[in-house]
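S.K.: Got a structure for you, questions after.
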6 protein chains.
Amino acid sequence: MHHILIQKSKANILIIKMIHIILLISLLITTTSNASVQDFCVADIKASDTPAGYPCKAATTVTSDDFAYSGLIEAGNTTNIINAAVTPAFVAQFPALNGLGLSAARLDLGPAGVIPLHTHPGASELLIVKQGHITAGFVSSANTVYIKTLKKGEIMVFPQGLLHFQATAGKRDAVAFAIFSSASPGLQILDFALFASNFSTPLITKTTFLDPVLVKKLKSVLGGSG
Amino acid sequence: MHHILIQKSKANILIIKMIHIILLISLLITTTSNASVQDFCVADIKASDTPAGYPCKAATTVTSDDFAYSGLIEAGNTTNIINAAVTPAFVAQFPALNGLGLSAARLDLGPAGVIPLHTHPGASELLIVKQGHITAGFVSSANTVYIKTLKKGEIMVFPQGLLHFQATAGKRDAVAFAIFSSASPGLQILDFALFASNFSTPLITKTTFLDPVLVKKLKSVLGGSG
Amino acid sequence: MHHILIQKSKANILIIKMIHIILLISLLITTTSNASVQDFCVADIKASDTPAGYPCKAATTVTSDDFAYSGLIEAGNTTNIINAAVTPAFVAQFPALNGLGLSAARLDLGPAGVIPLHTHPGASELLIVKQGHITAGFVSSANTVYIKTLKKGEIMVFPQGLLHFQATAGKRDAVAFAIFSSASPGLQILDFALFASNFSTPLITKTTFLDPVLVKKLKSVLGGSG
Amino acid sequence: MHHILIQKSKANILIIKMIHIILLISLLITTTSNASVQDFCVADIKASDTPAGYPCKAATTVTSDDFAYSGLIEAGNTTNIINAAVTPAFVAQFPALNGLGLSAARLDLGPAGVIPLHTHPGASELLIVKQGHITAGFVSSANTVYIKTLKKGEIMVFPQGLLHFQATAGKRDAVAFAIFSSASPGLQILDFALFASNFSTPLITKTTFLDPVLVKKLKSVLGGSG
Amino acid sequence: MHHILIQKSKANILIIKMIHIILLISLLITTTSNASVQDFCVADIKASDTPAGYPCKAATTVTSDDFAYSGLIEAGNTTNIINAAVTPAFVAQFPALNGLGLSAARLDLGPAGVIPLHTHPGASELLIVKQGHITAGFVSSANTVYIKTLKKGEIMVFPQGLLHFQATAGKRDAVAFAIFSSASPGLQILDFALFASNFSTPLITKTTFLDPVLVKKLKSVLGGSG
Amino acid sequence: MHHILIQKSKANILIIKMIHIILLISLLITTTSNASVQDFCVADIKASDTPAGYPCKAATTVTSDDFAYSGLIEAGNTTNIINAAVTPAFVAQFPALNGLGLSAARLDLGPAGVIPLHTHPGASELLIVKQGHITAGFVSSANTVYIKTLKKGEIMVFPQGLLHFQATAGKRDAVAFAIFSSASPGLQILDFALFASNFSTPLITKTTFLDPVLVKKLKSVLGGSG
């Protein structure tokens, strides 16, 4: 093309072709404009969700700002009983993830911090240690425990739906990013499911063999009823 | 065709066509024989598994017997601490399920029987009560508990990856079938993950807030170490 | 935790922590409340369906009752020409199945009952015999027929999209549950597709080689036109 | 059935059965009517798209005409700088494709025609040469180039997301059909992405090593800005 | 880059950079070489199939020839009772389709030709008429028949798993390409499933209501037994 | 359970129950041991890949070390023409990712560093800025450019298969993690596809409109032939 451009004698032909190509582009953009929406589907989170994700925002209203998210810049508040905080960037917080099959969260762990045993019902997780040392592990269906202490830059994977945890190793703060293989991985924290819910104490003791006195104590701490 | 057959004058043409069609069938069966394997893929469970399931047994060795399974006829032995038994018909037991996206299990519940809190990391579950009454429930990510007491013929669904349980309601035995949306749903029983594994007591107490004395007692009962 | 509780001297610290954790729970529940919807997506079946299922009912309106279904308790009416009845519990009847990848149906078979040859375009099927004896089978793409006579408690699998049938074996009633690997498996009954539709007799005879006199007779019985 | 029909003595029984079966059909059609929608989901393209496709048009408004499309009959206009035209039959043009996992396009190539280097972000492509000769190729992630010159009736496959092109081989017009493994495969033409967009010249030169003078010239031809 | 090249004074720097970049490329090609295999997975069809397709041929043995297929150039032999022929290009014939989610077949229809009623258990189909006129149709789960007569260049879609047919319209030969949303769509021809198999006549009549005399006649023509 | 334990009088019963439960666990572990393999499928990368990933390593040989990876700790060498390095942790480097639907890479960007325009044919990407400032962007199918300058802790998403880039913003080094929605996302760098391959100069100029002199110059720098 450049080669053609410096050959002046072909300029007239070029001008005619230019007109054609501009028409062509207009045409292609018009006819494929609906298809292009499928490149992405930024969630209209006010609309009803579906099993595959939210309906898409109109493509004409999507801007660069939709594709970036600043909510993980700041550390979460770790002044709590677990000395830890989870800050999610799931589709509910970052609508551009809708339909793209991945999401993230920031983990802040103070000294002695712990993300208690939990599962993600809808995704596998990849942990990236950004700062400090973290001991993390999961339990398989065969009741085997896989545990590692990770340092900055190390990564670890937790297969979908299995119980796992992360805890500060050493005395210093730790920070990590958790990445999920779904825009909406879900998060079921074992203690909250049992002791911050209205799961009745008799049913909990029946289905877990835990001591009812302990169950009631933990419920009183974590806010559960029943 | 029948219409043609009773018109005798067309018989000669028919015989010629017959020869053609038999040739055609031979041809079609030959050229599509590999594709037909894809109707099903009975697992060769001695081969290495893959993320999508086991390699297929050679189609020529597959018989009607491969597609039926008798392992759920007999009740499981409920003479144990949970007064209950789970008998799986997953791909490992019933190789014809390989790649077909569903499996089953039989639940036998004695009086006061309970299938303790558990998850299936890879599947949703549909429970069909065959006999007796069963109280079943699950806890959502939002820590809401959904519980129902079901009678014979009633069904209940447990979404993928969430903690759930089943227990005998009333004093009589109960039997149910559990159906899963995967040939290999997995099964993580909370108590076994914690107390029948080598998950160390300090890590359990740190990640669950359970009392270490209790953890050790349950480990001694359920066979865990650490 | 329990361990801590009995150490009185740590009580004050505990109270402070309690406040923190209650705040934490509030926070986590708030920030993950949209994600929690993704645990399940009970169908709003009045809304327009999508290729992945119906939009979800608002999570706040979902109760335990949504997750159980009683429509399979009662036997279907088998006083008909096939001495059989199929009672579905697909997403249309049981909206909680939406997006969960499985569904069920109850089959009632009188003496000499038969579920005529049919396919499920969108799912594989697992049959569980609950009562009586059933002869069931399917035909593969390679035109091989796989047939078994099953007794109570036996299960059989029918790969997706293939022609199959179930029929009473012996003289007594039979009951079975059919389970599907989709919340909306579809059901195409061969005889109804041909003879209860407006599929014209000339086209049927042309595309099946069946006798036009027979086609017309069956149409008159099954209610087809053309 | 036919056998029964000619046995006059069974006629009365038959009439009774007829009534039953007609009732049965009504019942089945009623109870499965929602499920039947799932056979197909003709797009309501005025509604908001979702990650899995558009909401479905009401099944009652769907006719045979929805399932056929005439937009690929006519040749596209190849009087343009690339001497070629792409006419899509994606879900936006042919709404019946919604959720069915495939789509098509017609390629018209004049003498010296070329479909410039492009990708389909969401689908693999199968090319079927209908007329003339076409040289086509793709580049793999390992930077290997796979090129073939195809004649009428030959087919070639281009794996998902890889750069590929088609060009007239020889001096005569060529026509082909491109088939995609998605109802909405997307189409990113390299030259248009770079030179018909508002991608700034400094960023293009920085991220491609192309000469800024050339970039500006191509932008002026293809209508880009920046 | 070009801009840099004509500035002679920067040549020395360039040479140094060239060495670096060549090293970089070597490195990148090495470290991503396994990943690049995932661009495509040309089937090793001698190995055991899996539910997701065949194991891949070694990438180093793959050439341009693997991605093209000539088997659809020639018309199939239509000198048979259906005056028609189906020539498949499924993964078994064209191994490069493995894992790519699409395949093709050529349909040749003589005058009065017909592709009898059939289903594809594993794929939706898109028909492209290449020559002549074709009447095609399918029956939905709701027993609605959707039929169209198509001319050259028209396309029609048949949703997954539903009974459908194609037949010559008019007196002239017709040719079409059928495209599938799976590399291994399967093909179950109704007449062959019933009458070219060992499906016993009593079971066929029981499950289809067809007349046993007719069934036996068709079996004798199509080569079935039982 | 704990409640029971301190009631000494129930000790004998307990001992009996203990024996039962240990038997139960043994039984359950035995019968579900194959299923447990499906929790994860650590790749046996010496075996042939399949479209769904590699065959699994034997579960008995899997240890905690399999689930962690240290290859992203060290910065890549940015002393090259792009002042940047990409260090992948795809399934080929980190076999535990097999079948889990996600992977990662480390990006090191020196001052003026750039990851040139590229696509991932098989995955969407989420970028997490770990250090410094990065300008990143992608071009949609509609030829719209979405660009953002991100600071530490900000994230940005790039939909699957679209051209995108990352470049240092400002004068200081930058580091980021890129996360992918596939264990094997692929990586096609535009410049390498064109100029580091054996893609012939005439075909490149024909399919991109680039000047042949420039193409040859870039090929000489990047190591391409033809």
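Chains: A, B, ... in order of the structure tokens. Residues: from 1 per chain. Ligands: from 1, in order shown.
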At a cut-off of 12 Å, can you tabulate as CSV every residue of stretch 124-188 of chain E near stretch 147-168 of chain C together with its closest atom pair and the distance in Å to one decimal, using only C-alpha atoms and ordering rows by chain then number?

M.R.:
residue,atom,partner,partner_atom,distance
E:Ser124,CA,C:Gly161,CA,11.5
E:Pro159,CA,C:Gly161,CA,11.8
E:Gln160,CA,C:Gly161,CA,8.4
E:Gly161,CA,C:Gly161,CA,5.4
E:Leu162,CA,C:Gly161,CA,8.3
E:Leu163,CA,C:Gly161,CA,10.2
E:Pro185,CA,C:Gly161,CA,10.5
E:Gly186,CA,C:Gly161,CA,9.4
E:Leu187,CA,C:Leu162,CA,9.5
E:Gln188,CA,C:Leu162,CA,7.4

S.K.: Restricting the output to N, CA and C atoms, write the selected residues as a PDB file, in the first residue's frame.

M.R.:
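Below you can see out20.pdb, which holds the result:
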ATOM      1  N   SER E 124     -26.745 -29.345  16.100  1.00  0.00           N
ATOM      2  CA  SER E 124     -27.677 -28.653  15.217  1.00  0.00           C
ATOM      3  C   SER E 124     -27.079 -28.676  13.809  1.00  0.00           C
ATOM      4  N   PRO E 159     -32.740 -27.525  14.482  1.00  0.00           N
ATOM      5  CA  PRO E 159     -32.231 -27.574  15.869  1.00  0.00           C
ATOM      6  C   PRO E 159     -31.825 -28.999  16.296  1.00  0.00           C
ATOM      7  N   GLN E 160     -30.884 -29.059  17.221  1.00  0.00           N
ATOM      8  CA  GLN E 160     -30.274 -30.328  17.648  1.00  0.00           C
ATOM      9  C   GLN E 160     -31.280 -31.397  18.038  1.00  0.00           C
ATOM     10  N   GLY E 161     -31.072 -32.599  17.508  1.00  0.00           N
ATOM     11  CA  GLY E 161     -31.786 -33.775  17.985  1.00  0.00           C
ATOM     12  C   GLY E 161     -33.192 -33.970  17.453  1.00  0.00           C
ATOM     13  N   LEU E 162     -33.689 -33.065  16.622  1.00  0.00           N
ATOM     14  CA  LEU E 162     -35.069 -33.192  16.123  1.00  0.00           C
ATOM     15  C   LEU E 162     -35.103 -33.921  14.776  1.00  0.00           C
ATOM     16  N   LEU E 163     -36.188 -34.656  14.544  1.00  0.00           N
ATOM     17  CA  LEU E 163     -36.387 -35.376  13.278  1.00  0.00           C
ATOM     18  C   LEU E 163     -36.483 -34.378  12.125  1.00  0.00           C
ATOM     19  N   PRO E 185     -21.296 -35.234  14.961  1.00  0.00           N
ATOM     20  CA  PRO E 185     -22.715 -34.972  15.242  1.00  0.00           C
ATOM     21  C   PRO E 185     -23.568 -36.218  15.404  1.00  0.00           C
ATOM     22  N   GLY E 186     -23.085 -37.360  14.902  1.00  0.00           N
ATOM     23  CA  GLY E 186     -23.918 -38.550  14.883  1.00  0.00           C
ATOM     24  C   GLY E 186     -24.983 -38.434  13.811  1.00  0.00           C
ATOM     25  N   LEU E 187     -25.580 -39.567  13.454  1.00  0.00           N
ATOM     26  CA  LEU E 187     -26.601 -39.616  12.397  1.00  0.00           C
ATOM     27  C   LEU E 187     -27.428 -40.849  12.660  1.00  0.00           C
ATOM     28  N   GLN E 188     -28.691 -40.624  13.044  1.00  0.00           N
ATOM     29  CA  GLN E 188     -29.596 -41.749  13.254  1.00  0.00           C
ATOM     30  C   GLN E 188     -30.732 -41.640  12.236  1.00  0.00           C
TER      31      GLN E 188
END

S.K.: When the cut-off is 8 Å and we count only C-alpha atoms, which residues of chain F are near chain D, given as a ChimeraX atom specification?

M.R.: /F:114-117,119-122,139-145,160-162,165,186-194,196-199,206-211,214

S.K.: As a VMD selection string, please: every residue in stretch 32-209 of chain F that a backbone DSSP assignment puts in helix (DSSP H, G or I).

M.R.: chain F and resid 33 to 37 59 to 61 64 to 67 95 to 97 190 to 195 201 to 208

S.K.: Produce a file of the selected residues containing N, CA and C atoms, as a short mmCIF file (atom, residue, chain, number, x, y, z; two decimals), in the first residue's frame.

M.R.:
data_model
loop_
_atom_site.label_atom_id
_atom_site.label_comp_id
_atom_site.auth_asym_id
_atom_site.auth_seq_id
_atom_site.Cartn_x
_atom_site.Cartn_y
_atom_site.Cartn_z
N SER F 33 -13.10 -43.70 45.78
CA SER F 33 -11.73 -43.27 45.50
C SER F 33 -11.53 -42.87 44.04
N ASN F 34 -12.22 -43.51 43.13
CA ASN F 34 -12.06 -43.10 41.74
C ASN F 34 -12.68 -41.72 41.51
N ALA F 35 -13.84 -41.52 42.12
CA ALA F 35 -14.52 -40.24 41.95
C ALA F 35 -13.64 -39.10 42.46
N SER F 36 -12.92 -39.37 43.52
CA SER F 36 -12.13 -38.30 44.11
C SER F 36 -11.06 -37.80 43.16
N VAL F 37 -10.63 -38.66 42.27
CA VAL F 37 -9.66 -38.21 41.28
C VAL F 37 -10.21 -37.01 40.51
N ALA F 59 -3.51 -40.25 40.84
CA ALA F 59 -3.79 -39.45 42.05
C ALA F 59 -2.83 -39.81 43.19
N THR F 60 -2.39 -41.04 43.23
CA THR F 60 -1.51 -41.47 44.32
C THR F 60 -0.15 -40.80 44.27
N THR F 61 0.22 -40.26 43.12
CA THR F 61 1.54 -39.62 43.00
C THR F 61 1.45 -38.11 43.17
N SER F 64 1.26 -32.03 47.61
CA SER F 64 1.03 -30.58 47.76
C SER F 64 1.85 -29.78 46.76
N ASP F 65 3.07 -30.25 46.50
CA ASP F 65 3.94 -29.50 45.60
C ASP F 65 3.34 -29.33 44.21
N ASP F 66 2.50 -30.27 43.79
CA ASP F 66 1.89 -30.15 42.47
C ASP F 66 1.01 -28.91 42.34
N PHE F 67 0.43 -28.46 43.47
CA PHE F 67 -0.57 -27.40 43.40
C PHE F 67 0.01 -25.99 43.54
N PRO F 95 1.25 -27.99 35.69
CA PRO F 95 0.29 -29.02 35.26
C PRO F 95 -0.97 -29.14 36.12
N ALA F 96 -0.94 -28.63 37.35
CA ALA F 96 -2.14 -28.74 38.18
C ALA F 96 -3.32 -27.94 37.63
N LEU F 97 -3.05 -27.00 36.73
CA LEU F 97 -4.13 -26.19 36.16
C LEU F 97 -5.00 -26.98 35.18
N LEU F 190 1.01 -10.39 17.23
CA LEU F 190 0.82 -9.97 15.85
C LEU F 190 2.14 -9.89 15.09
N ASP F 191 3.12 -9.20 15.64
CA ASP F 191 4.39 -9.01 14.93
C ASP F 191 5.11 -10.33 14.69
N PHE F 192 5.00 -11.22 15.64
CA PHE F 192 5.68 -12.51 15.46
C PHE F 192 4.93 -13.36 14.44
N ALA F 193 3.61 -13.28 14.44
CA ALA F 193 2.83 -14.03 13.47
C ALA F 193 3.19 -13.60 12.05
N LEU F 194 3.40 -12.28 11.89
CA LEU F 194 3.69 -11.75 10.55
C LEU F 194 5.17 -11.81 10.20
N PHE F 195 6.01 -11.40 11.15
CA PHE F 195 7.40 -11.12 10.79
C PHE F 195 8.41 -12.10 11.39
N THR F 201 6.26 -12.64 2.13
CA THR F 201 6.07 -11.19 1.99
C THR F 201 4.95 -10.86 1.01
N PRO F 202 4.87 -11.51 -0.16
CA PRO F 202 3.75 -11.16 -1.05
C PRO F 202 2.38 -11.43 -0.40
N LEU F 203 2.26 -12.54 0.34
CA LEU F 203 0.96 -12.82 0.97
C LEU F 203 0.67 -11.84 2.11
N ILE F 204 1.70 -11.47 2.85
CA ILE F 204 1.49 -10.48 3.92
C ILE F 204 1.02 -9.17 3.32
N THR F 205 1.72 -8.71 2.31
CA THR F 205 1.34 -7.41 1.73
C THR F 205 -0.05 -7.48 1.12
N LYS F 206 -0.38 -8.62 0.56
CA LYS F 206 -1.71 -8.77 -0.05
C LYS F 206 -2.81 -8.78 1.01
N THR F 207 -2.53 -9.35 2.15
CA THR F 207 -3.59 -9.54 3.14
C THR F 207 -3.56 -8.50 4.26
N THR F 208 -2.58 -7.56 4.21
CA THR F 208 -2.52 -6.51 5.24
C THR F 208 -2.36 -5.11 4.65
#

S.K.: What separation in Å, quoted to one decimal, exists between atom CA of A:Phe180 and atom CA of C:Asp49?

M.R.: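 Computing the Euclidean distance for atom CA of A:Phe180 and atom CA of C:Asp49 yields 27.6 Å.
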
S.K.: Just to confirm, what's the straight-line distance from atom CA of A:Ile179 to atom CA of F:Ile179 in Å (one decimal)?

M.R.: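 So the answer is 7.4 Å.
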
S.K.: Between atom CA of F:Ser225 and atom CA of D:Ile134, what is the distance, to one decimal in Å?

M.R.: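 Separation of atom CA of F:Ser225 and atom CA of D:Ile134: 22.9 Å.
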
S.K.: DSSP on the backbone: which residues in stretch 112-224 of chain E end up as strand (DSSP E or B)? Give the answer as a VMD selection string.

M.R.: chain E and resid 114 to 119 125 to 131 133 to 139 145 to 150 155 to 158 164 to 169 174 to 180 188 to 189
